[in-house]
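Engineer: Sharing upload.cif (mmCIF, C-alpha atoms) below.
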```cif
data_work
#
loop_
_atom_site.label_atom_id
_atom_site.label_comp_id
_atom_site.auth_asym_id
_atom_site.auth_seq_id
_atom_site.Cartn_x
_atom_site.Cartn_y
_atom_site.Cartn_z
CA MET L 1 -36.93 -14.58 -12.16
CA ALA L 2 -35.22 -14.18 -8.81
CA SER L 3 -31.61 -13.07 -8.79
CA ALA L 4 -29.08 -15.23 -7.01
CA ALA L 5 -27.95 -13.73 -3.73
CA PHE L 6 -24.30 -13.98 -2.85
CA PRO L 7 -23.59 -14.66 0.81
CA TYR L 8 -21.60 -12.04 2.67
CA VAL L 9 -18.09 -13.23 3.42
CA PRO L 10 -16.39 -11.02 6.00
CA PRO L 11 -12.72 -10.12 5.53
CA PRO L 12 -10.25 -12.28 7.43
CA GLU L 13 -9.46 -11.27 10.99
CA PRO L 14 -6.08 -9.62 11.54
CA ARG L 15 -3.50 -12.15 12.66
CA GLN L 16 -0.90 -11.64 15.38
CA TRP L 17 2.54 -12.32 13.91
CA HIS L 18 5.38 -13.29 16.23
CA ALA L 19 9.07 -12.36 16.19
CA GLY L 20 11.02 -14.41 13.65
CA GLU L 21 7.90 -15.61 11.84
CA VAL L 22 7.77 -15.23 8.05
CA ILE L 23 4.93 -12.98 6.87
CA PRO L 24 3.48 -13.15 3.36
CA VAL L 25 3.37 -9.47 2.37
CA SER L 26 1.55 -9.86 -0.94
CA SER L 27 0.04 -12.45 -3.20
CA THR L 28 3.25 -12.56 -5.27
CA THR L 29 5.19 -14.73 -2.80
CA VAL L 30 7.22 -11.91 -1.31
CA PHE L 31 8.06 -12.47 2.35
CA THR L 32 9.61 -10.50 5.13
CA LYS L 33 10.69 -11.40 8.66
CA VAL L 34 9.63 -9.40 11.69
CA SER L 35 11.73 -8.69 14.73
CA GLU L 36 8.72 -7.99 16.95
CA PRO L 37 5.01 -8.91 16.86
CA VAL L 38 3.07 -7.12 14.10
CA THR L 39 -0.58 -7.38 13.05
CA LEU L 40 -1.19 -6.95 9.32
CA GLN L 41 -4.19 -7.44 7.09
CA PRO L 42 -3.26 -10.05 4.45
CA SER L 43 -4.00 -7.71 1.56
CA LEU L 44 -2.71 -4.41 2.97
CA LYS L 45 -0.26 -3.80 0.12
CA ASP L 46 -2.97 -4.55 -2.45
CA MET L 47 -5.43 -2.25 -0.68
CA ILE L 48 -2.90 0.59 -0.71
CA ALA L 49 -2.12 0.01 -4.39
CA PHE L 50 -5.83 -0.03 -5.25
CA GLU L 51 -6.73 3.07 -3.23
CA ILE L 52 -3.84 5.34 -4.17
CA GLY L 53 -3.46 3.90 -7.67
CA GLY L 54 -7.10 4.82 -8.26
CA VAL L 55 -6.08 8.45 -8.62
CA PRO L 56 -5.56 8.94 -12.39
CA GLU L 57 -2.46 11.13 -11.96
CA VAL L 58 -0.62 8.44 -9.94
CA ALA L 59 2.19 6.83 -11.94
CA ALA L 60 3.41 4.40 -9.25
CA VAL L 61 3.21 3.44 -5.58
CA PHE L 62 6.09 1.90 -3.62
CA THR L 63 5.96 0.46 -0.09
CA LYS L 64 8.41 -0.61 2.58
CA MET L 65 7.62 -2.11 6.00
CA GLU L 66 10.10 -1.12 8.69
CA ASP L 67 9.68 -1.43 12.47
CA ARG L 68 5.85 -1.31 12.47
CA ILE L 69 5.89 1.68 10.13
CA LEU L 70 4.66 1.28 6.58
CA HIS L 71 6.45 3.76 4.34
CA VAL L 72 4.50 4.62 1.19
CA TRP L 73 5.95 6.61 -1.72
CA THR L 74 3.51 7.84 -4.36
CA VAL L 75 4.89 9.08 -7.67
CA LEU L 76 2.67 11.49 -9.58
CA ARG L 77 2.70 12.04 -13.33
CA ASP L 78 1.53 15.56 -12.67
CA GLY L 79 2.30 17.28 -9.40
CA SER L 80 -0.74 19.54 -9.49
CA ARG L 81 -2.43 20.62 -6.30
CA ALA L 82 -5.60 18.74 -7.31
CA ALA L 83 -3.64 15.50 -7.81
CA ARG L 84 -1.93 15.86 -4.44
CA ARG L 85 -5.24 16.54 -2.69
CA ALA L 86 -6.76 13.42 -4.26
CA VAL L 87 -3.81 11.32 -3.03
CA TYR L 88 -4.00 12.86 0.47
CA ALA L 89 -7.72 11.96 0.65
CA ARG L 90 -6.92 8.34 -0.30
CA GLU L 91 -4.13 8.21 2.28
CA GLN L 92 -6.53 9.38 4.97
CA MET L 93 -9.01 6.64 3.98
CA ILE L 94 -6.22 4.06 4.38
CA VAL L 95 -5.27 5.38 7.82
CA ASP L 96 -8.92 5.39 8.90
CA ARG L 97 -9.31 1.72 7.91
CA THR L 98 -6.05 0.43 9.38
CA GLU L 99 -5.32 -0.09 13.07
CA HIS L 100 -2.09 -0.94 14.88
CA LEU L 101 0.17 0.40 12.13
CA ASP L 102 1.86 3.73 11.58
CA PHE L 103 2.30 5.22 8.12
CA ASP L 104 4.89 7.48 6.56
CA PHE L 105 3.35 8.81 3.34
CA ASN L 106 5.45 10.62 0.74
CA VAL L 107 4.21 12.14 -2.52
CA VAL L 108 6.69 13.12 -5.24
CA ASN L 109 6.43 14.42 -8.80
CA GLY L 110 7.85 11.93 -11.30
CA GLY L 111 8.71 14.57 -13.86
CA GLY L 112 8.25 12.12 -16.74
CA VAL L 113 10.95 9.73 -15.46
CA ASP L 114 10.28 5.97 -15.18
CA PRO L 115 9.24 5.64 -11.49
CA ARG L 116 11.19 2.38 -11.14
CA SER L 117 14.43 4.31 -11.66
CA MET L 118 13.70 6.95 -9.02
CA PHE L 119 14.44 4.99 -5.82
CA SER L 120 17.44 2.94 -4.72
CA GLU L 121 16.40 2.18 -1.14
CA ASP L 122 16.74 -1.46 0.00
CA GLY L 123 13.48 -3.28 0.67
CA LEU L 124 11.32 -0.88 -1.33
CA GLU L 125 8.61 -2.79 -3.21
CA LEU L 126 6.60 -1.72 -6.22
CA ALA L 127 2.93 -1.99 -5.23
CA PHE L 128 1.40 -0.26 -8.29
CA ILE L 129 2.54 1.03 -11.66
CA ARG L 130 0.47 2.66 -14.37
CA GLU L 131 1.72 1.45 -17.75
#
```
The structure in this file should be written as structure tokens.
Structural biologist:
Amino acid sequence: MASAAFPYVPPPEPRQWHAGEVIPVSSTTVFTKVSEPVTLQPSLKDMIAFEIGGVPEVAAVFTKMEDRILHVWTVLRDGSRAARRAVYAREQMIVDRTEHLDFDFNVVNGGGVDPRSMFSEDGLELAFIRE
């Protein structure tokens, strides 16, 4: 019995966004406005959540887009050197796969605190949380 072959569907091409245009940032109907042209992959936030959240010691990942810089805060359950190295490796994979965007990665130890209570910065979005 022959197995069914699934056709390859390439990822969508990056789209050029124009100043003042509303950009869907995630699949949860969250939007942001840009003040200058920006090219984003439609699922960038999800890709970051998947990659960094794949490290077992990661408690949460937060993101914020600001002036063509994507700020990423990773909260660790355990701030061990091995956990940090695993996160750094995932961050490098993200940078290697993403063009036309600068990143500001931050890794902090959660110390057992609910990660949602750790930040008060405007525009910061929860991309991943481990329940």
Engineer: Which residues fall under the PyMOL selection byres ((chain L and resi 84) around 12) in this file, as a VMD selection string?
Structural biologist: chain L and resid 52 55 to 58 74 to 83 85 to 91 105 to 109
Engineer: Between L:Ala60, L:Ile69, L:Ala49, L:Leu126, which residue has the minimum interatomic distance to His100 (chain L), considering only C-alpha atoms?
Structural biologist: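 That would be L:Ile69, the residue with the smallest distance to His100 (chain L).
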Engineer: Around all of region 77-94 of chain L's listed atoms, make the axis-aligned box with 8 Å on each side and tell me centre and edge lengths in Å to one decimal, as lines of an AutoDock Vina configuration file.
Structural biologist:
```
center_x = -3.2
center_y = 12.3
center_z = -4.2
size_x = 27.7
size_y = 32.6
size_z = 34.3
```
Engineer: With distances taken over all atoms listed in the file, which of L:Asp122, L:Gln92, L:His71, L:Phe128 is nearest to Asp104 (chain L)?
Structural biologist: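 Using all atoms listed in the file, Asp104 (chain L) sits closest to L:His71.
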Engineer: Which residue out of L:Glu125, L:Arg68, L:Gly53, L:Trp73 has the minimum interatomic distance to Glu99 (chain L) when only C-alpha atoms are used?
Structural biologist: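 Smallest separation from Glu99 (chain L) among the options: L:Arg68.
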Engineer: Just checking: using only C-alpha atoms, which residue out of L:Ala59, L:Ile94, L:Met65, L:Met118 ends up closest to Met47 (chain L)?
Structural biologist: L:Ile94
Engineer: If I take CA of Arg97 (chain L) and CA of Glu66 (chain L), how far is one from the other in Å, to one decimal?
Structural biologist: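 The value is 19.6 Å.
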Engineer: Could you please determine the separation between CA of Leu124 (chain L) and CA of Lys64 (chain L) in Å, to one decimal place?
Structural biologist: 4.9 Å
Engineer: What does the structure give for the distance between CA of Leu101 (chain L) and CA of Asp46 (chain L), in Å to one decimal?
Structural biologist: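 Going from CA of Leu101 (chain L) over to CA of Asp46 (chain L) covers 15.7 Å.
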